[in-house]
Amino acid sequence: MTPHAHQERPGRTELGRVLMSAGVLSPDWAPAFQAVPRSAFLPDLMWPFDMHTARSIAVSRADDPAGWLRYADSDAPIVTQWDDGKHSGTEPGRVSTSSASMPSVVFSMLRDLDVRVGHRVLEIGTGTGWNAALLAHRLGAENVVTVEVDEAVAATAKATLDRFGAPVRVVHGDGLEGCPDAAPYDRILATCGLRSIPFAWVRQCRPHGVIVAPWGTHYGNGDAVARLIVADDGHSASGTFTGPVEFMKLRAQRLPPVVHTDYVPGSVVHADESSTTITEAQFVAERFSPQRFALSLLVRDCRHVVAEKEDGARPVWFYGLTDRSWACVQFRDGAAARVWQSGPRRLWDEAEAAYRWWEEEGHPGFDRFGLTVDRRGERIWLDSPDNPVPARAGR
């Protein structure tokens, strides 16, 4: 890989210090962080997520070079494509479809990958190419293959990587299939959210190899990083989750938006009504909490939406994905929560049972949950592969 001299900037120096002190930038990745700046892989017009306003904003290198560099050197996610490339103009589009992830997330997942000299790595989701360039700095460009589903994104990343001096192989294709002609790999890394991990990746990874991928269910947009180790016989991969993240979803597994009126064409008063003793403080956990992840494992084939709180009331909705079942629990300050349910599934009953299960199991965190992938599919477990998480609590 061709060496590059990059002028050190105060913002980038501070970012490195913060990442090191947080433990996400491990010492073995520090030289790559130093040699491969994210700024070299970002487009002139980008949409960083502004932490103060909680929205994506347009930043142009031509119009605001100082601001552009400030965001490039920050620990903020940056959208680089909207609406699968159909978007134009400077205003944010409807759906972000390619991005440069937060450096803290990038380096924590690279730490989980645990690469060694001589390893060959397959990356699923090239994006800007920054992640592939970091891997190339550690392992050599000849040992990195990266797959990108979007043809324009793949072409841009390949040109940027070549210009930077990291000529990794960029494949335009479906990441679900991996890249079998260059297998086997020692490590496989996904930089997109998965709703199921394909067995093809297990087949393309060596025994004792590692697969690191953000995984979750359609319950919400959140993911957790699964770190799987391929078995001796190569017929399965299994491991635990290392912590919460949120990634753009693999395009083949994206869920179309749920349309509320398709489920609730009129008023909730026409549904079955009840109440619950669970409080808002108990149920409406933080976005990336272990509790919300646990519920997502038990209340499957369901979309969960927490509405904004207004006048002391907060509705939480559940929409079935295999039929038109729905449920709504409305928490209100100083009063018992009211529940409405409709359809073949009693979705609130499932959610309440899942919450009770999580309590009874001692409020397990991410690292107590695990995932096994084999040719039959996926199995989620708690503490041991011999202790599967129930398909639905109380069933």
# chains A, B, ... in the order shown; residues from 1 in each chain; ligands from 1
>>> residues_around(residues="segment 264-275 of chain A", least_positions_apart="4", cutoff="8 Å", atoms="only C-alpha atoms", output="PyMOL selection string")
chain A and resi 260+326+336-342
>>> residues_around(residues="Arg292 of chain A", least_positions_apart="4", cutoff="12 Å", atoms="only C-alpha atoms", output="PyMOL selection string")
chain A and resi 216-217+219-224+244+282-288+296-299+304-306+351+354-355+358+363-366
>>> select_by_dssp(residues="segment 98-299 of chain A", states="helix (DSSP H, G or I)", output="PyMOL selection string")
chain A and resi 103-113+130-139+141-143+151-164+175-177+180-182+199-203+251-253+260-263+268-270+280-283+290-298
>>> atom_distance(atom1="atom CA of Val144 of chain A", atom2="atom CA of Ala132 of chain A")
7.0 Å
>>> closest_residue(among="A:Ser98, A:Thr372, A:Thr53, A:Thr160", to="Ala40 of chain A", atoms="only C-alpha atoms")
A:Thr160
>>> closest_residue(among="A:Asp333, A:Asp262, A:Asp386, A:Glu308", to="Leu321 of chain A", atoms="only C-alpha atoms")
A:Asp262
>>> closest_residue(among="A:Ala54, A:Gly11, A:Gly140, A:Val153", to="Phe41 of chain A", atoms="only C-alpha atoms")
A:Val153
>>> residues_around(residues="Asp84 of chain A", least_positions_apart="2", cutoff="10 Å", atoms="only C-alpha atoms", output="list in words")
Gln81, Trp82, Lys86, His87, Gly93, Val95, Ser96, Thr97, Ser98, Asp150, Ala152, Val153 and Arg251 of chain A
>>> closest_atom_pairs(of="segment 164-217 of chain A", to="segment 117-126 of chain A", cutoff="6 Å", atoms="only C-alpha atoms", output="CSV")
residue,atom,partner,partner_atom,distance
A:Gly175,CA,A:Ile124,CA,5.4
A:Tyr185,CA,A:Arg120,CA,5.1
A:Asp186,CA,A:Arg120,CA,5.3
A:Arg187,CA,A:Val121,CA,4.8
A:Ile188,CA,A:Leu122,CA,4.8
A:Leu189,CA,A:Glu123,CA,4.8
A:Ala190,CA,A:Ile124,CA,4.6
A:Thr191,CA,A:Gly125,CA,5.3
>>> atom_distance(atom1="atom CA of Leu113 of chain A", atom2="atom CA of Met248 of chain A")
19.7 Å
>>> closest_atom_pairs(of="segment 142-214 of chain A", to="segment 32-37 of chain A", cutoff="12 Å", atoms="only C-alpha atoms", output="tab-separated table")
residue	atom	partner	partner_atom	distance
A:Leu161	CA	A:Val36	CA	10.7
A:Phe164	CA	A:Val36	CA	8.9
A:Gly165	CA	A:Val36	CA	10.3
A:Ala166	CA	A:Val36	CA	9.9
>>> write_last_selection(atoms="N, CA, C and O atoms", output="short mmCIF file (atom, residue, chain, number, x, y, z; two decimals), in the first residue's frame")
data_model
loop_
_atom_site.label_atom_id
_atom_site.label_comp_id
_atom_site.auth_asym_id
_atom_site.auth_seq_id
_atom_site.Cartn_x
_atom_site.Cartn_y
_atom_site.Cartn_z
N LEU A 161 -10.46 4.21 -3.65
CA LEU A 161 -9.47 3.29 -3.09
C LEU A 161 -8.21 3.24 -3.95
O LEU A 161 -7.09 3.26 -3.43
N PHE A 164 -6.23 6.40 -3.55
CA PHE A 164 -5.60 6.47 -2.23
C PHE A 164 -4.38 5.55 -2.13
O PHE A 164 -3.52 5.74 -1.28
N GLY A 165 -4.35 4.54 -3.00
CA GLY A 165 -3.25 3.58 -2.93
C GLY A 165 -3.62 2.31 -2.19
O GLY A 165 -2.75 1.63 -1.64
N ALA A 166 -4.93 1.99 -2.17
CA ALA A 166 -5.41 0.77 -1.53
C ALA A 166 -6.27 0.00 -2.54
O ALA A 166 -7.49 -0.03 -2.43
#
>>> decode(residues="segment 357-372 of chain A", atoms="all heavy atoms", output="PDB file, in the first residue's frame")
ATOM      1  N   TRP A 357     -40.607 -12.151  30.919  1.00  0.00           N
ATOM      2  CA  TRP A 357     -39.540 -13.143  30.739  1.00  0.00           C
ATOM      3  C   TRP A 357     -38.181 -12.500  30.965  1.00  0.00           C
ATOM      4  O   TRP A 357     -37.313 -13.069  31.639  1.00  0.00           O
ATOM      5  CB  TRP A 357     -39.640 -13.732  29.324  1.00  0.00           C
ATOM      6  CG  TRP A 357     -38.537 -14.688  28.969  1.00  0.00           C
ATOM      7  CD1 TRP A 357     -38.520 -16.033  29.186  1.00  0.00           C
ATOM      8  CD2 TRP A 357     -37.288 -14.368  28.338  1.00  0.00           C
ATOM      9  NE1 TRP A 357     -37.337 -16.582  28.725  1.00  0.00           N
ATOM     10  CE2 TRP A 357     -36.561 -15.576  28.200  1.00  0.00           C
ATOM     11  CE3 TRP A 357     -36.718 -13.188  27.874  1.00  0.00           C
ATOM     12  CZ2 TRP A 357     -35.293 -15.631  27.624  1.00  0.00           C
ATOM     13  CZ3 TRP A 357     -35.445 -13.231  27.297  1.00  0.00           C
ATOM     14  CH2 TRP A 357     -34.753 -14.443  27.177  1.00  0.00           C
ATOM     15  N   TRP A 358     -37.976 -11.315  30.388  1.00  0.00           N
ATOM     16  CA  TRP A 358     -36.692 -10.611  30.544  1.00  0.00           C
ATOM     17  C   TRP A 358     -36.435 -10.309  32.016  1.00  0.00           C
ATOM     18  O   TRP A 358     -35.298 -10.464  32.505  1.00  0.00           O
ATOM     19  CB  TRP A 358     -36.711  -9.329  29.711  1.00  0.00           C
ATOM     20  CG  TRP A 358     -35.450  -8.541  29.761  1.00  0.00           C
ATOM     21  CD1 TRP A 358     -34.266  -8.847  29.170  1.00  0.00           C
ATOM     22  CD2 TRP A 358     -35.247  -7.291  30.448  1.00  0.00           C
ATOM     23  NE1 TRP A 358     -33.323  -7.868  29.431  1.00  0.00           N
ATOM     24  CE2 TRP A 358     -33.909  -6.906  30.216  1.00  0.00           C
ATOM     25  CE3 TRP A 358     -36.065  -6.472  31.215  1.00  0.00           C
ATOM     26  CZ2 TRP A 358     -33.367  -5.737  30.734  1.00  0.00           C
ATOM     27  CZ3 TRP A 358     -35.540  -5.297  31.734  1.00  0.00           C
ATOM     28  CH2 TRP A 358     -34.201  -4.944  31.493  1.00  0.00           C
ATOM     29  N   GLU A 359     -37.463  -9.912  32.743  1.00  0.00           N
ATOM     30  CA  GLU A 359     -37.320  -9.673  34.187  1.00  0.00           C
ATOM     31  C   GLU A 359     -36.947 -10.960  34.922  1.00  0.00           C
ATOM     32  O   GLU A 359     -36.038 -10.973  35.750  1.00  0.00           O
ATOM     33  CB  GLU A 359     -38.624  -9.120  34.762  1.00  0.00           C
ATOM     34  CG  GLU A 359     -38.862  -7.645  34.522  1.00  0.00           C
ATOM     35  CD  GLU A 359     -40.005  -7.131  35.397  1.00  0.00           C
ATOM     36  OE1 GLU A 359     -41.006  -7.862  35.560  1.00  0.00           O
ATOM     37  OE2 GLU A 359     -39.874  -6.007  35.928  1.00  0.00           O
ATOM     38  N   GLU A 360     -37.653 -12.038  34.622  1.00  0.00           N
ATOM     39  CA  GLU A 360     -37.426 -13.308  35.325  1.00  0.00           C
ATOM     40  C   GLU A 360     -36.034 -13.872  35.064  1.00  0.00           C
ATOM     41  O   GLU A 360     -35.470 -14.561  35.912  1.00  0.00           O
ATOM     42  CB  GLU A 360     -38.490 -14.319  34.892  1.00  0.00           C
ATOM     43  CG  GLU A 360     -39.886 -13.976  35.394  1.00  0.00           C
ATOM     44  CD  GLU A 360     -40.961 -14.776  34.672  1.00  0.00           C
ATOM     45  OE1 GLU A 360     -40.600 -15.619  33.814  1.00  0.00           O
ATOM     46  OE2 GLU A 360     -42.155 -14.537  34.954  1.00  0.00           O
ATOM     47  N   GLU A 361     -35.471 -13.554  33.884  1.00  0.00           N
ATOM     48  CA  GLU A 361     -34.133 -14.051  33.543  1.00  0.00           C
ATOM     49  C   GLU A 361     -33.027 -13.172  34.109  1.00  0.00           C
ATOM     50  O   GLU A 361     -31.841 -13.407  33.842  1.00  0.00           O
ATOM     51  CB  GLU A 361     -33.986 -14.151  32.018  1.00  0.00           C
ATOM     52  CG  GLU A 361     -34.874 -15.203  31.382  1.00  0.00           C
ATOM     53  CD  GLU A 361     -34.477 -16.618  31.760  1.00  0.00           C
ATOM     54  OE1 GLU A 361     -33.322 -16.819  32.197  1.00  0.00           O
ATOM     55  OE2 GLU A 361     -35.330 -17.524  31.626  1.00  0.00           O
ATOM     56  N   GLY A 362     -33.395 -12.155  34.901  1.00  0.00           N
ATOM     57  CA  GLY A 362     -32.388 -11.321  35.542  1.00  0.00           C
ATOM     58  C   GLY A 362     -31.896 -10.167  34.706  1.00  0.00           C
ATOM     59  O   GLY A 362     -30.744  -9.752  34.841  1.00  0.00           O
ATOM     60  N   HIS A 363     -32.767  -9.639  33.828  1.00  0.00           N
ATOM     61  CA  HIS A 363     -32.409  -8.482  32.989  1.00  0.00           C
ATOM     62  C   HIS A 363     -31.130  -8.722  32.182  1.00  0.00           C
ATOM     63  O   HIS A 363     -30.171  -7.955  32.272  1.00  0.00           O
ATOM     64  CB  HIS A 363     -32.248  -7.217  33.836  1.00  0.00           C
ATOM     65  CG  HIS A 363     -33.452  -6.876  34.642  1.00  0.00           C
ATOM     66  ND1 HIS A 363     -33.396  -6.138  35.801  1.00  0.00           N
ATOM     67  CD2 HIS A 363     -34.766  -7.168  34.464  1.00  0.00           C
ATOM     68  CE1 HIS A 363     -34.616  -5.990  36.308  1.00  0.00           C
ATOM     69  NE2 HIS A 363     -35.461  -6.601  35.507  1.00  0.00           N
ATOM     70  N   PRO A 364     -31.079  -9.803  31.390  1.00  0.00           N
ATOM     71  CA  PRO A 364     -29.838 -10.107  30.662  1.00  0.00           C
ATOM     72  C   PRO A 364     -29.439  -9.009  29.696  1.00  0.00           C
ATOM     73  O   PRO A 364     -30.283  -8.401  29.032  1.00  0.00           O
ATOM     74  CB  PRO A 364     -30.182 -11.400  29.907  1.00  0.00           C
ATOM     75  CG  PRO A 364     -31.684 -11.441  29.855  1.00  0.00           C
ATOM     76  CD  PRO A 364     -32.137 -10.786  31.104  1.00  0.00           C
ATOM     77  N   GLY A 365     -28.122  -8.753  29.631  1.00  0.00           N
ATOM     78  CA  GLY A 365     -27.570  -7.789  28.687  1.00  0.00           C
ATOM     79  C   GLY A 365     -27.243  -8.453  27.365  1.00  0.00           C
ATOM     80  O   GLY A 365     -27.448  -9.663  27.174  1.00  0.00           O
ATOM     81  N   PHE A 366     -26.692  -7.675  26.455  1.00  0.00           N
ATOM     82  CA  PHE A 366     -26.406  -8.173  25.106  1.00  0.00           C
ATOM     83  C   PHE A 366     -25.490  -9.392  25.123  1.00  0.00           C
ATOM     84  O   PHE A 366     -25.679 -10.340  24.359  1.00  0.00           O
ATOM     85  CB  PHE A 366     -25.762  -7.068  24.257  1.00  0.00           C
ATOM     86  CG  PHE A 366     -26.696  -5.955  23.910  1.00  0.00           C
ATOM     87  CD1 PHE A 366     -26.764  -4.815  24.711  1.00  0.00           C
ATOM     88  CD2 PHE A 366     -27.520  -6.030  22.796  1.00  0.00           C
ATOM     89  CE1 PHE A 366     -27.631  -3.781  24.398  1.00  0.00           C
ATOM     90  CE2 PHE A 366     -28.390  -5.004  22.477  1.00  0.00           C
ATOM     91  CZ  PHE A 366     -28.448  -3.874  23.276  1.00  0.00           C
ATOM     92  N   ASP A 367     -24.488  -9.373  26.006  1.00  0.00           N
ATOM     93  CA  ASP A 367     -23.474 -10.425  25.958  1.00  0.00           C
ATOM     94  C   ASP A 367     -23.969 -11.773  26.460  1.00  0.00           C
ATOM     95  O   ASP A 367     -23.275 -12.779  26.320  1.00  0.00           O
ATOM     96  CB  ASP A 367     -22.231  -9.993  26.730  1.00  0.00           C
ATOM     97  CG  ASP A 367     -22.518  -9.683  28.193  1.00  0.00           C
ATOM     98  OD1 ASP A 367     -23.705  -9.605  28.571  1.00  0.00           O
ATOM     99  OD2 ASP A 367     -21.553  -9.498  28.956  1.00  0.00           O
ATOM    100  N   ARG A 368     -25.169 -11.816  27.044  1.00  0.00           N
ATOM    101  CA  ARG A 368     -25.726 -13.102  27.447  1.00  0.00           C
ATOM    102  C   ARG A 368     -26.525 -13.764  26.325  1.00  0.00           C
ATOM    103  O   ARG A 368     -26.830 -14.955  26.398  1.00  0.00           O
ATOM    104  CB  ARG A 368     -26.608 -12.944  28.684  1.00  0.00           C
ATOM    105  CG  ARG A 368     -25.828 -12.705  29.980  1.00  0.00           C
ATOM    106  CD  ARG A 368     -26.753 -12.643  31.184  1.00  0.00           C
ATOM    107  NE  ARG A 368     -27.552 -13.852  31.341  1.00  0.00           N
ATOM    108  CZ  ARG A 368     -28.582 -13.953  32.183  1.00  0.00           C
ATOM    109  NH1 ARG A 368     -28.933 -12.921  32.930  1.00  0.00           N
ATOM    110  NH2 ARG A 368     -29.269 -15.092  32.269  1.00  0.00           N
ATOM    111  N   PHE A 369     -26.842 -13.002  25.305  1.00  0.00           N
ATOM    112  CA  PHE A 369     -27.562 -13.555  24.159  1.00  0.00           C
ATOM    113  C   PHE A 369     -26.578 -14.017  23.097  1.00  0.00           C
ATOM    114  O   PHE A 369     -25.516 -13.417  22.912  1.00  0.00           O
ATOM    115  CB  PHE A 369     -28.511 -12.514  23.558  1.00  0.00           C
ATOM    116  CG  PHE A 369     -29.699 -12.198  24.426  1.00  0.00           C
ATOM    117  CD1 PHE A 369     -29.728 -11.034  25.171  1.00  0.00           C
ATOM    118  CD2 PHE A 369     -30.775 -13.066  24.494  1.00  0.00           C
ATOM    119  CE1 PHE A 369     -30.806 -10.730  25.983  1.00  0.00           C
ATOM    120  CE2 PHE A 369     -31.875 -12.776  25.303  1.00  0.00           C
ATOM    121  CZ  PHE A 369     -31.882 -11.606  26.051  1.00  0.00           C
ATOM    122  N   GLY A 370     -26.943 -15.086  22.396  1.00  0.00           N
ATOM    123  CA  GLY A 370     -26.076 -15.587  21.346  1.00  0.00           C
ATOM    124  C   GLY A 370     -26.870 -16.028  20.129  1.00  0.00           C
ATOM    125  O   GLY A 370     -28.103 -16.149  20.166  1.00  0.00           O
ATOM    126  N   LEU A 371     -26.143 -16.270  19.050  1.00  0.00           N
ATOM    127  CA  LEU A 371     -26.736 -16.634  17.768  1.00  0.00           C
ATOM    128  C   LEU A 371     -25.948 -17.789  17.158  1.00  0.00           C
ATOM    129  O   LEU A 371     -24.713 -17.780  17.179  1.00  0.00           O
ATOM    130  CB  LEU A 371     -26.696 -15.425  16.825  1.00  0.00           C
ATOM    131  CG  LEU A 371     -27.133 -15.622  15.378  1.00  0.00           C
ATOM    132  CD1 LEU A 371     -28.632 -15.908  15.302  1.00  0.00           C
ATOM    133  CD2 LEU A 371     -26.789 -14.380  14.552  1.00  0.00           C
ATOM    134  N   THR A 372     -26.649 -18.775  16.635  1.00  0.00           N
ATOM    135  CA  THR A 372     -26.038 -19.868  15.893  1.00  0.00           C
ATOM    136  C   THR A 372     -26.635 -19.897  14.492  1.00  0.00           C
ATOM    137  O   THR A 372     -27.854 -19.805  14.335  1.00  0.00           O
ATOM    138  CB  THR A 372     -26.274 -21.226  16.581  1.00  0.00           C
ATOM    139  OG1 THR A 372     -25.639 -21.217  17.870  1.00  0.00           O
ATOM    140  CG2 THR A 372     -25.719 -22.374  15.762  1.00  0.00           C
TER     141      THR A 372
END
